>>> print(open('input_18.cif').read())   # mmCIF, C-alpha atoms, pLDDT in the B column; chains and numbers go by the auth columns
data_query
loop_
_atom_site.group_PDB
_atom_site.id
_atom_site.type_symbol
_atom_site.label_atom_id
_atom_site.label_comp_id
_atom_site.label_asym_id
_atom_site.label_seq_id
_atom_site.Cartn_x
_atom_site.Cartn_y
_atom_site.Cartn_z
_atom_site.B_iso_or_equiv
_atom_site.auth_seq_id
_atom_site.auth_asym_id
ATOM 1 C CA MET A 1 25.937 2.169 -3.900 56.00 1 B
ATOM 2 C CA ARG A 2 26.608 -0.921 -1.804 63.00 2 B
ATOM 3 C CA GLY A 3 23.758 -3.371 -1.340 63.00 3 B
ATOM 4 C CA ASN A 4 23.859 -3.063 2.461 68.00 4 B
ATOM 5 C CA ASP A 5 23.582 0.752 2.447 84.00 5 B
ATOM 6 C CA MET A 6 20.350 2.284 3.638 92.00 6 B
ATOM 7 C CA ALA A 7 18.548 3.710 0.626 97.00 7 B
ATOM 8 C CA ARG A 8 15.735 6.027 -0.311 98.00 8 B
ATOM 9 C CA MET A 9 13.631 3.953 -2.682 98.00 9 B
ATOM 10 C CA GLY A 10 11.000 4.988 -5.189 98.00 10 B
ATOM 11 C CA VAL A 11 8.525 2.502 -6.676 98.00 11 B
ATOM 12 C CA VAL A 12 6.659 3.440 -9.855 98.00 12 B
ATOM 13 C CA VAL A 13 3.549 1.641 -11.141 98.00 13 B
ATOM 14 C CA PRO A 14 1.919 2.702 -14.431 97.00 14 B
ATOM 15 C CA ALA A 15 -1.798 1.905 -14.621 97.00 15 B
ATOM 16 C CA HIS A 16 -4.329 2.052 -17.441 95.00 16 B
ATOM 17 C CA ASN A 17 -7.833 0.970 -16.353 95.00 17 B
ATOM 18 C CA GLU A 18 -6.503 -1.530 -13.827 95.00 18 B
ATOM 19 C CA GLU A 19 -9.281 -1.600 -11.211 97.00 19 B
ATOM 20 C CA GLN A 20 -9.375 -5.406 -11.344 94.00 20 B
ATOM 21 C CA HIS A 21 -5.711 -5.953 -10.471 95.00 21 B
ATOM 22 C CA LEU A 22 -4.549 -2.740 -8.804 97.00 22 B
ATOM 23 C CA PRO A 23 -5.802 -3.473 -5.245 98.00 23 B
ATOM 24 C CA GLU A 24 -3.810 -6.687 -4.942 97.00 24 B
ATOM 25 C CA CYS A 25 -0.795 -5.084 -6.586 98.00 25 B
ATOM 26 C CA LEU A 26 -0.786 -2.204 -4.113 98.00 26 B
ATOM 27 C CA ARG A 27 -1.305 -4.476 -1.130 98.00 27 B
ATOM 28 C CA SER A 28 1.777 -6.444 -2.149 98.00 28 B
ATOM 29 C CA LEU A 29 3.796 -3.264 -2.682 98.00 29 B
ATOM 30 C CA CYS A 30 2.786 -1.924 0.717 98.00 30 B
ATOM 31 C CA ARG A 31 4.019 -5.159 2.304 98.00 31 B
ATOM 32 C CA ALA A 32 7.311 -4.921 0.398 98.00 32 B
ATOM 33 C CA ALA A 33 7.662 -1.278 1.427 98.00 33 B
ATOM 34 C CA ASP A 34 7.042 -2.150 5.082 98.00 34 B
ATOM 35 C CA HIS A 35 9.660 -4.910 4.896 98.00 35 B
ATOM 36 C CA ALA A 36 12.233 -2.526 3.405 98.00 36 B
ATOM 37 C CA ARG A 37 11.413 0.155 5.975 98.00 37 B
ATOM 38 C CA GLY A 38 11.985 -2.412 8.700 98.00 38 B
ATOM 39 C CA LEU A 39 15.543 -2.701 7.386 97.00 39 B
ATOM 40 C CA GLY A 40 16.047 1.051 7.558 97.00 40 B
ATOM 41 C CA HIS A 41 15.191 2.057 3.981 98.00 41 B
ATOM 42 C CA GLU A 42 12.818 4.871 3.046 98.00 42 B
ATOM 43 C CA VAL A 43 10.181 3.996 0.441 98.00 43 B
ATOM 44 C CA THR A 44 7.823 6.118 -1.666 98.00 44 B
ATOM 45 C CA LEU A 45 5.138 4.480 -3.832 98.00 45 B
ATOM 46 C CA VAL A 46 3.840 6.241 -6.944 98.00 46 B
ATOM 47 C CA VAL A 47 0.960 5.137 -9.175 98.00 47 B
ATOM 48 C CA VAL A 48 0.742 6.826 -12.569 98.00 48 B
ATOM 49 C CA LEU A 49 -2.825 6.796 -13.884 98.00 49 B
ATOM 50 C CA ASP A 50 -2.554 7.002 -17.652 97.00 50 B
ATOM 51 C CA SER A 51 -5.841 7.603 -19.483 96.00 51 B
ATOM 52 C CA CYS A 52 -7.842 5.797 -16.794 97.00 52 B
ATOM 53 C CA ARG A 53 -11.632 5.795 -16.989 96.00 53 B
ATOM 54 C CA ASP A 54 -12.353 3.273 -14.229 97.00 54 B
ATOM 55 C CA ARG A 55 -11.901 3.179 -10.432 97.00 55 B
ATOM 56 C CA SER A 56 -8.099 3.029 -10.520 98.00 56 B
ATOM 57 C CA ALA A 57 -7.801 6.561 -9.082 97.00 57 B
ATOM 58 C CA ALA A 58 -10.042 5.764 -6.135 97.00 58 B
ATOM 59 C CA ILE A 59 -8.202 2.532 -5.453 98.00 59 B
ATOM 60 C CA ALA A 60 -4.824 4.280 -5.472 97.00 60 B
ATOM 61 C CA ALA A 61 -6.169 6.946 -3.112 96.00 61 B
ATOM 62 C CA GLU A 62 -7.408 4.266 -0.705 96.00 62 B
ATOM 63 C CA HIS A 63 -3.853 2.959 -0.367 96.00 63 B
ATOM 64 C CA GLY A 64 -2.335 6.327 0.432 94.00 64 B
ATOM 65 C CA VAL A 65 0.208 6.311 -2.401 97.00 65 B
ATOM 66 C CA THR A 66 1.349 9.271 -4.467 98.00 66 B
ATOM 67 C CA VAL A 67 -0.845 9.583 -7.565 98.00 67 B
ATOM 68 C CA VAL A 68 0.045 11.132 -10.919 98.00 68 B
ATOM 69 C CA SER A 69 -2.602 11.512 -13.629 98.00 69 B
ATOM 70 C CA MET A 70 -1.852 11.902 -17.327 98.00 70 B
ATOM 71 C CA ALA A 71 -3.351 11.141 -20.720 97.00 71 B
ATOM 72 C CA ALA A 72 -0.394 9.955 -22.792 96.00 72 B
ATOM 73 C CA ALA A 73 -1.420 6.328 -23.421 94.00 73 B
ATOM 74 C CA ASN A 74 2.300 5.531 -23.365 95.00 74 B
ATOM 75 C CA VAL A 75 3.859 3.357 -20.696 94.00 75 B
ATOM 76 C CA GLY A 76 7.362 4.781 -21.142 96.00 76 B
ATOM 77 C CA MET A 77 6.079 8.300 -20.545 97.00 77 B
ATOM 78 C CA ALA A 78 4.043 7.059 -17.586 97.00 78 B
ATOM 79 C CA ARG A 79 7.033 5.377 -15.943 97.00 79 B
ATOM 80 C CA HIS A 80 9.154 8.499 -16.423 98.00 80 B
ATOM 81 C CA ALA A 81 6.397 10.745 -15.057 98.00 81 B
ATOM 82 C CA GLY A 82 6.352 8.581 -11.956 98.00 82 B
ATOM 83 C CA VAL A 83 10.089 9.055 -11.478 98.00 83 B
ATOM 84 C CA LEU A 84 9.703 12.823 -11.807 98.00 84 B
ATOM 85 C CA ALA A 85 7.011 12.772 -9.098 98.00 85 B
ATOM 86 C CA LEU A 86 9.324 11.184 -6.521 98.00 86 B
ATOM 87 C CA PRO A 87 10.826 13.337 -3.775 98.00 87 B
ATOM 88 C CA ALA A 88 14.390 14.566 -3.996 97.00 88 B
ATOM 89 C CA GLY A 89 17.134 12.276 -2.769 98.00 89 B
ATOM 90 C CA ILE A 90 15.881 8.957 -4.153 98.00 90 B
ATOM 91 C CA ASP A 91 18.717 6.433 -4.555 97.00 91 B
ATOM 92 C CA TRP A 92 16.959 3.381 -6.003 98.00 92 B
ATOM 93 C CA LEU A 93 14.111 3.032 -8.499 98.00 93 B
ATOM 94 C CA ALA A 94 11.914 -0.064 -8.714 98.00 94 B
ATOM 95 C CA PHE A 95 9.338 -0.632 -11.438 98.00 95 B
ATOM 96 C CA THR A 96 6.460 -3.057 -11.690 98.00 96 B
ATOM 97 C CA ASP A 97 3.067 -3.228 -13.420 96.00 97 B
ATOM 98 C CA ALA A 98 -0.438 -2.780 -12.062 96.00 98 B
ATOM 99 C CA ASP A 99 -1.390 -6.403 -12.850 93.00 99 B
ATOM 100 C CA THR A 100 1.566 -7.734 -10.854 96.00 100 B
ATOM 101 C CA CYS A 101 2.184 -8.719 -7.227 97.00 101 B
ATOM 102 C CA VAL A 102 5.650 -8.593 -5.702 98.00 102 B
ATOM 103 C CA PRO A 103 7.073 -10.661 -2.828 98.00 103 B
ATOM 104 C CA ASP A 104 7.585 -9.028 0.553 98.00 104 B
ATOM 105 C CA THR A 105 11.381 -9.030 0.124 98.00 105 B
ATOM 106 C CA TRP A 106 11.287 -7.632 -3.430 98.00 106 B
ATOM 107 C CA LEU A 107 12.741 -4.191 -2.711 98.00 107 B
ATOM 108 C CA SER A 108 15.343 -5.318 -0.205 97.00 108 B
ATOM 109 C CA HIS A 109 16.538 -8.083 -2.535 97.00 109 B
ATOM 110 C CA GLN A 110 16.717 -5.777 -5.569 98.00 110 B
ATOM 111 C CA HIS A 111 18.819 -3.267 -3.701 97.00 111 B
ATOM 112 C CA GLY A 112 20.824 -5.951 -1.940 97.00 112 B
ATOM 113 C CA PHE A 113 22.541 -7.158 -5.111 97.00 113 B
ATOM 114 C CA GLY A 114 24.638 -4.000 -5.024 97.00 114 B
ATOM 115 C CA THR A 115 24.650 -3.416 -8.790 98.00 115 B
ATOM 116 C CA GLU A 116 23.353 -0.447 -10.752 98.00 116 B
ATOM 117 C CA ALA A 117 20.468 -2.401 -12.298 98.00 117 B
ATOM 118 C CA VAL A 118 18.528 -5.604 -11.637 98.00 118 B
ATOM 119 C CA CYS A 119 16.222 -7.581 -13.928 97.00 119 B
ATOM 120 C CA GLY A 120 14.084 -10.188 -12.188 96.00 120 B
ATOM 121 C CA GLY A 121 11.785 -12.932 -13.444 92.00 121 B
ATOM 122 C CA VAL A 122 8.039 -13.422 -13.635 89.00 122 B
ATOM 123 C CA HIS A 123 5.544 -16.175 -12.875 84.00 123 B
ATOM 124 C CA LEU A 124 2.153 -16.216 -14.551 81.00 124 B
ATOM 125 C CA ASN A 125 -0.757 -15.896 -12.147 69.00 125 B
ATOM 126 C CA GLN A 126 -3.754 -18.233 -12.570 58.00 126 B
ATOM 127 C CA TRP A 127 -1.621 -20.565 -14.669 49.00 127 B
ATOM 128 C CA GLN A 128 -4.125 -23.394 -14.375 54.00 128 B
ATOM 129 C CA ARG A 129 -6.842 -21.272 -15.985 62.00 129 B
ATOM 130 C CA LEU A 130 -4.925 -21.114 -19.247 53.00 130 B
ATOM 131 C CA SER A 131 -5.854 -23.674 -21.861 55.00 131 B
ATOM 132 C CA PRO A 132 -3.606 -26.759 -22.042 61.00 132 B
ATOM 133 C CA ASP A 133 -2.553 -25.770 -25.565 58.00 133 B
ATOM 134 C CA LEU A 134 -1.543 -22.286 -24.452 54.00 134 B
ATOM 135 C CA ARG A 135 0.420 -23.622 -21.472 52.00 135 B
ATOM 136 C CA ALA A 136 2.263 -26.016 -23.761 56.00 136 B
ATOM 137 C CA ARG A 137 3.081 -23.298 -26.295 56.00 137 B
ATOM 138 C CA TYR A 138 4.241 -20.925 -23.567 50.00 138 B
ATOM 139 C CA LEU A 139 6.540 -23.559 -22.054 55.00 139 B
ATOM 140 C CA THR A 140 7.933 -24.323 -25.496 61.00 140 B
ATOM 141 C CA HIS A 141 8.598 -20.612 -25.994 49.00 141 B
ATOM 142 C CA ARG A 142 10.418 -20.492 -22.651 54.00 142 B
ATOM 143 C CA ARG A 143 12.568 -23.517 -23.473 49.00 143 B
ATOM 144 C CA GLN A 144 13.504 -22.006 -26.826 47.00 144 B
ATOM 145 C CA ASN A 145 14.655 -18.837 -25.079 46.00 145 B
ATOM 146 C CA LEU A 146 16.481 -20.233 -22.054 44.00 146 B
ATOM 147 C CA LYS A 147 19.738 -18.525 -23.002 48.00 147 B
ATOM 148 C CA ARG A 148 18.091 -15.142 -23.513 54.00 148 B
ATOM 149 C CA GLN A 149 18.334 -12.603 -20.718 77.00 149 B
ATOM 150 C CA HIS A 150 14.768 -11.426 -20.139 83.00 150 B
ATOM 151 C CA ILE A 151 13.863 -7.836 -19.338 91.00 151 B
ATOM 152 C CA HIS A 152 10.491 -7.355 -17.669 91.00 152 B
ATOM 153 C CA GLY A 153 9.086 -3.928 -16.901 94.00 153 B
ATOM 154 C CA ALA A 154 7.106 -5.724 -14.184 95.00 154 B
ATOM 155 C CA ASN A 155 10.330 -6.574 -12.320 97.00 155 B
ATOM 156 C CA LEU A 156 13.020 -3.997 -12.884 98.00 156 B
ATOM 157 C CA GLY A 157 15.270 -1.949 -10.620 98.00 157 B
ATOM 158 C CA ILE A 158 17.906 0.676 -11.370 98.00 158 B
ATOM 159 C CA SER A 159 19.827 3.242 -9.374 98.00 159 B
ATOM 160 C CA MET A 160 18.672 6.817 -9.764 98.00 160 B
ATOM 161 C CA ALA A 161 22.213 7.818 -10.750 98.00 161 B
ATOM 162 C CA ALA A 162 22.249 5.340 -13.646 98.00 162 B
ATOM 163 C CA TYR A 163 18.711 6.278 -14.677 98.00 163 B
ATOM 164 C CA GLN A 164 19.612 9.950 -14.843 98.00 164 B
ATOM 165 C CA ARG A 165 22.808 9.270 -16.801 98.00 165 B
ATOM 166 C CA LEU A 166 20.748 7.383 -19.364 98.00 166 B
ATOM 167 C CA GLY A 167 18.111 10.096 -19.619 98.00 167 B
ATOM 168 C CA GLY A 168 15.374 7.794 -18.325 98.00 168 B
ATOM 169 C CA PHE A 169 12.691 5.925 -20.222 98.00 169 B
ATOM 170 C CA ARG A 170 12.071 7.049 -23.768 97.00 170 B
ATOM 171 C CA PRO A 171 8.488 7.670 -24.996 95.00 171 B
ATOM 172 C CA LEU A 172 8.497 4.537 -27.150 91.00 172 B
ATOM 173 C CA ARG A 173 5.380 2.727 -28.338 84.00 173 B
ATOM 174 C CA CYS A 174 6.682 -0.446 -26.662 86.00 174 B
ATOM 175 C CA HIS A 175 9.836 -2.030 -25.189 89.00 175 B
ATOM 176 C CA GLU A 176 10.777 1.074 -23.217 95.00 176 B
ATOM 177 C CA ASP A 177 12.146 -1.220 -20.495 95.00 177 B
ATOM 178 C CA VAL A 178 14.288 -3.190 -22.952 93.00 178 B
ATOM 179 C CA ASP A 179 15.585 0.031 -24.473 96.00 179 B
ATOM 180 C CA LEU A 180 16.588 1.391 -21.050 97.00 180 B
ATOM 181 C CA ILE A 181 18.506 -1.708 -20.025 97.00 181 B
ATOM 182 C CA GLU A 182 20.171 -2.149 -23.409 96.00 182 B
ATOM 183 C CA ARG A 183 21.430 1.443 -23.188 97.00 183 B
ATOM 184 C CA HIS A 184 22.645 0.732 -19.660 98.00 184 B
ATOM 185 C CA LEU A 185 24.558 -2.325 -20.840 97.00 185 B
ATOM 186 C CA ALA A 186 25.996 -0.424 -23.809 97.00 186 B
ATOM 187 C CA ALA A 187 27.321 2.142 -21.309 98.00 187 B
ATOM 188 C CA HIS A 188 28.992 -0.742 -19.380 98.00 188 B
ATOM 189 C CA GLY A 189 26.745 -0.296 -16.364 98.00 189 B
ATOM 190 C CA SER A 190 26.804 -3.027 -13.730 98.00 190 B
ATOM 191 C CA MET A 191 23.925 -5.503 -13.966 97.00 191 B
ATOM 192 C CA THR A 192 22.372 -8.400 -12.083 97.00 192 B
ATOM 193 C CA TRP A 193 20.182 -10.919 -13.903 96.00 193 B
ATOM 194 C CA ALA A 194 18.000 -12.413 -11.184 96.00 194 B
ATOM 195 C CA PRO A 195 15.418 -14.802 -12.694 92.00 195 B
ATOM 196 C CA GLU A 196 14.988 -16.321 -9.231 95.00 196 B
ATOM 197 C CA LEU A 197 13.661 -12.971 -7.936 97.00 197 B
ATOM 198 C CA ARG A 198 10.155 -13.450 -9.310 95.00 198 B
ATOM 199 C CA VAL A 199 6.934 -11.496 -9.283 97.00 199 B
ATOM 200 C CA MET A 200 3.458 -12.836 -10.054 93.00 200 B
ATOM 201 C CA THR A 201 1.957 -11.191 -13.118 90.00 201 B
ATOM 202 C CA SER A 202 -1.386 -11.559 -14.825 82.00 202 B
ATOM 203 C CA ALA A 203 -1.779 -14.240 -17.475 67.00 203 B
ATOM 204 C CA ARG A 204 -4.350 -12.195 -19.360 58.00 204 B
ATOM 205 C CA CYS A 205 -4.262 -12.277 -23.151 46.00 205 B
ATOM 206 C CA HIS A 206 -5.824 -8.830 -23.535 57.00 206 B
ATOM 207 C CA ALA A 207 -2.663 -6.745 -23.642 53.00 207 B
ATOM 208 C CA ARG A 208 -2.412 -3.239 -22.189 60.00 208 B
ATOM 209 C CA ALA A 209 0.969 -2.645 -23.846 59.00 209 B
ATOM 210 C CA PRO A 210 1.726 -3.582 -27.469 57.00 210 B
ATOM 211 C CA GLU A 211 4.180 -6.470 -27.920 50.00 211 B
ATOM 212 C CA GLY A 212 4.367 -7.167 -24.190 54.00 212 B
ATOM 213 C CA LEU A 213 3.581 -10.338 -22.248 55.00 213 B
ATOM 214 C CA GLY A 214 -0.158 -10.121 -22.910 55.00 214 B
ATOM 215 C CA ALA A 215 0.506 -9.777 -26.624 53.00 215 B
ATOM 216 C CA LEU A 216 2.770 -12.821 -26.514 52.00 216 B
ATOM 217 C CA LEU A 217 0.096 -14.904 -24.774 49.00 217 B
ATOM 218 C CA TYR A 218 -2.506 -13.761 -27.292 43.00 218 B
ATOM 219 C CA ALA A 219 -0.198 -14.708 -30.157 52.00 219 B
ATOM 220 C CA LEU A 220 0.458 -18.137 -28.638 45.00 220 B
ATOM 221 C CA GLU A 221 -3.238 -18.706 -27.891 52.00 221 B
ATOM 222 C CA TYR A 222 -4.262 -18.045 -31.467 54.00 222 B
ATOM 223 C CA ALA A 223 -1.065 -19.380 -33.061 60.00 223 B
ATOM 224 C CA GLN A 224 -0.150 -16.012 -34.577 51.00 224 B
ATOM 225 C CA PRO A 225 3.445 -14.952 -35.246 47.00 225 B
ATOM 226 C CA GLU A 226 5.095 -13.961 -31.999 46.00 226 B
ATOM 227 C CA PRO A 227 5.811 -10.286 -31.212 47.00 227 B
ATOM 228 C CA SER A 228 9.062 -8.804 -32.454 47.00 228 B
ATOM 229 C CA PRO A 229 12.116 -10.910 -31.557 42.00 229 B
ATOM 230 C CA SER A 230 13.655 -7.757 -30.111 39.00 230 B
ATOM 231 C CA ALA A 231 11.052 -7.982 -27.355 38.00 231 B
ATOM 232 C CA ARG A 232 13.390 -9.483 -24.771 41.00 232 B
ATOM 233 C CA ASP A 233 10.774 -8.881 -22.104 40.00 233 B
ATOM 234 C CA ALA A 234 8.254 -11.164 -23.800 37.00 234 B
ATOM 235 C CA GLY A 235 7.770 -14.245 -21.713 38.00 235 B
#
>>> encode(input="input_18.cif", output="structure tokens")
Amino acid sequence: MRGNDMARMGVVVPAHNEEQHLPECLRSLCRAADHARGLGHEVTLVVVLDSCRDRSAAIAAEHGVTVVSMAAANVGMARHAGVLALPAGIDWLAFTDADTCVPDTWLSHQHGFGTEAVCGGVHLNQWQRLSPDLRARYLTHRRQNLKRQHIHGANLGISMAAYQRLGGFRPLRCHEDVDLIERHLAAHGSMTWAPELRVMTSARCHARAPEGLGALLYALEYAQPEPSPSARDAG
């Protein structure tokens, strides 16, 4: 698929008790969808409510997106369930998280690279609210990992053809995004690393997913050993 082709895009957002962040996330996704539609693309937004006990369902309904409910407590299964809920004919898949806001041009830029997969970067929201010690430790962590290619489930795109060849996300306890992209690379799929294509994600230390960004921030805040070094999406 060439980057300038018109595409049918599907956006999948897993959510577990995300009433605090989901409204802003969905507002940003609606803006990105409108921007992509203005360029001729078709866009479908799906929120997967996984074991939610708060107002996330009502919030998703207010935004007119497709809603899938499940009780797996597994983000890989939630992401895959969202893909399965998309209409037939989807060309491009984009994934983010419910505590994340995307720029208006997010979808059009992802697709515009013209490769089978894209991994973008993240900025931490409410950076100034973090303690000075935590900010310093986080920046040190980033400097120590400058040469590492980061994989963030909050900023990931892949063609439907590549996703289907790979068999989709696996129901892993964590790092389902890293696993998907590493399998894609092992299969010699085309890839764009786009750290400049950033989303704004929550700087909370109370992690929803084990060994993800929240777990990293918690570890840095309390000077615990960092999550597994295989967690290429961590920070």
>>> residues_near_point(input="input_18.cif", point="(22.6, 4.9, -18.9)", cutoff="10 Å", atoms="all atoms listed in the file", output="list in words")
Glu116, Ile158, Ala161, Ala162, Tyr163, Gln164, Arg165, Leu166, Gly167, Gly168, Leu180, Ile181, Glu182, Arg183, His184, Leu185, Ala186, Ala187, His188 and Gly189 of chain B
>>> residues_around(input="input_18.cif", residues="Gln20 in chain B", least_positions_apart="5", cutoff="10 Å", atoms="all atoms listed in the file", output="MDAnalysis selection string")
chainID B and resid 25 54:56 59 98:99
>>> residues_around(input="input_18.cif", residues="Val47 in chain B", least_positions_apart="5", cutoff="10 Å", atoms="all atoms listed in the file", output="list in words")
Val11, Val12, Val13, Pro14, Ala15, Leu22, Leu26, Ser56, Ala57, Ala60, Ala61, Val65, Thr66, Val67, Val68, Ser69, Ala78, Arg79, Ala81, Gly82, Ala85, Asp97 and Ala98 of chain B
>>> write_last_selection(input="input_18.cif", atoms="C-alpha atoms", output="PDB file, in the frame of the given file")
ATOM      1  CA  VAL B  11       8.525   2.502  -6.676  1.00 98.00           C
ATOM      2  CA  VAL B  12       6.659   3.440  -9.855  1.00 98.00           C
ATOM      3  CA  VAL B  13       3.549   1.641 -11.141  1.00 98.00           C
ATOM      4  CA  PRO B  14       1.919   2.702 -14.431  1.00 97.00           C
ATOM      5  CA  ALA B  15      -1.798   1.905 -14.621  1.00 97.00           C
ATOM      6  CA  LEU B  22      -4.549  -2.740  -8.804  1.00 97.00           C
ATOM      7  CA  LEU B  26      -0.786  -2.204  -4.113  1.00 98.00           C
ATOM      8  CA  SER B  56      -8.099   3.029 -10.520  1.00 98.00           C
ATOM      9  CA  ALA B  57      -7.801   6.561  -9.082  1.00 97.00           C
ATOM     10  CA  ALA B  60      -4.824   4.280  -5.472  1.00 97.00           C
ATOM     11  CA  ALA B  61      -6.169   6.946  -3.112  1.00 96.00           C
ATOM     12  CA  VAL B  65       0.208   6.311  -2.401  1.00 97.00           C
ATOM     13  CA  THR B  66       1.349   9.271  -4.467  1.00 98.00           C
ATOM     14  CA  VAL B  67      -0.845   9.583  -7.565  1.00 98.00           C
ATOM     15  CA  VAL B  68       0.045  11.132 -10.919  1.00 98.00           C
ATOM     16  CA  SER B  69      -2.602  11.512 -13.629  1.00 98.00           C
ATOM     17  CA  ALA B  78       4.043   7.059 -17.586  1.00 97.00           C
ATOM     18  CA  ARG B  79       7.033   5.377 -15.943  1.00 97.00           C
ATOM     19  CA  ALA B  81       6.397  10.745 -15.057  1.00 98.00           C
ATOM     20  CA  GLY B  82       6.352   8.581 -11.956  1.00 98.00           C
ATOM     21  CA  ALA B  85       7.011  12.772  -9.098  1.00 98.00           C
ATOM     22  CA  ASP B  97       3.067  -3.228 -13.420  1.00 96.00           C
ATOM     23  CA  ALA B  98      -0.438  -2.780 -12.062  1.00 96.00           C
TER      24      ALA B  98
END
>>> closest_residue(input="input_18.cif", among="B:Phe95, B:Ser28, B:His111, B:Glu18", to="His41 in chain B", atoms="all atoms listed in the file")
B:His111
>>> atom_distance(input="input_18.cif", atom1="CA of Glu196 in chain B", atom2="CA of Asn155 in chain B")
11.2 Å
>>> closest_residue(input="input_18.cif", among="B:Arg8, B:Arg198, B:Arg173, B:His35", to="Ala73 in chain B", atoms="all atoms listed in the file")
B:Arg173
>>> decode(input="input_18.cif", residues="range 148-163 of chain B", atoms="N, CA and C atoms", output="tab-separated table (two decimals), in the first residue's frame")
chain	number	residue	atom	x	y	z
B	148	ARG	N	18.04	2.49	21.35
B	148	ARG	CA	17.02	1.45	21.31
B	148	ARG	C	15.81	1.94	20.53
B	149	GLN	N	15.28	1.09	19.68
B	149	GLN	CA	14.06	1.42	18.95
B	149	GLN	C	12.87	1.09	19.85
B	150	HIS	N	12.10	2.11	20.20
B	150	HIS	CA	11.02	1.93	21.17
B	150	HIS	C	9.72	1.54	20.48
B	151	ILE	N	9.00	0.63	21.11
B	151	ILE	CA	7.71	0.16	20.61
B	151	ILE	C	6.67	0.50	21.66
B	152	HIS	N	5.74	1.37	21.29
B	152	HIS	CA	4.70	1.82	22.21
B	152	HIS	C	3.34	1.38	21.70
B	153	GLY	N	2.61	0.62	22.48
B	153	GLY	CA	1.25	0.28	22.10
B	153	GLY	C	0.37	1.50	21.99
B	154	ALA	N	0.77	2.61	22.61
B	154	ALA	CA	0.01	3.86	22.53
B	154	ALA	C	0.21	4.59	21.21
B	155	ASN	N	1.15	4.12	20.37
B	155	ASN	CA	1.44	4.82	19.12
B	155	ASN	C	1.97	3.82	18.11
B	156	LEU	N	1.08	3.03	17.58
B	156	LEU	CA	1.47	1.91	16.73
B	156	LEU	C	0.51	1.79	15.55
B	157	GLY	N	1.04	1.58	14.37
B	157	GLY	CA	0.22	1.35	13.19
B	157	GLY	C	0.75	0.18	12.39
B	158	ILE	N	-0.13	-0.56	11.75
B	158	ILE	CA	0.28	-1.70	10.94
B	158	ILE	C	-0.80	-1.97	9.89
B	159	SER	N	-0.38	-2.39	8.72
B	159	SER	CA	-1.37	-2.71	7.69
B	159	SER	C	-2.15	-3.95	8.11
B	160	MET	N	-3.40	-4.02	7.69
B	160	MET	CA	-4.21	-5.18	8.01
B	160	MET	C	-3.61	-6.44	7.39
B	161	ALA	N	-3.03	-6.32	6.19
B	161	ALA	CA	-2.44	-7.48	5.54
B	161	ALA	C	-1.30	-8.06	6.38
B	162	ALA	N	-0.43	-7.18	6.89
B	162	ALA	CA	0.68	-7.64	7.73
B	162	ALA	C	0.16	-8.22	9.04
B	163	TYR	N	-0.82	-7.56	9.63
B	163	TYR	CA	-1.39	-8.04	10.90
B	163	TYR	C	-1.96	-9.44	10.74
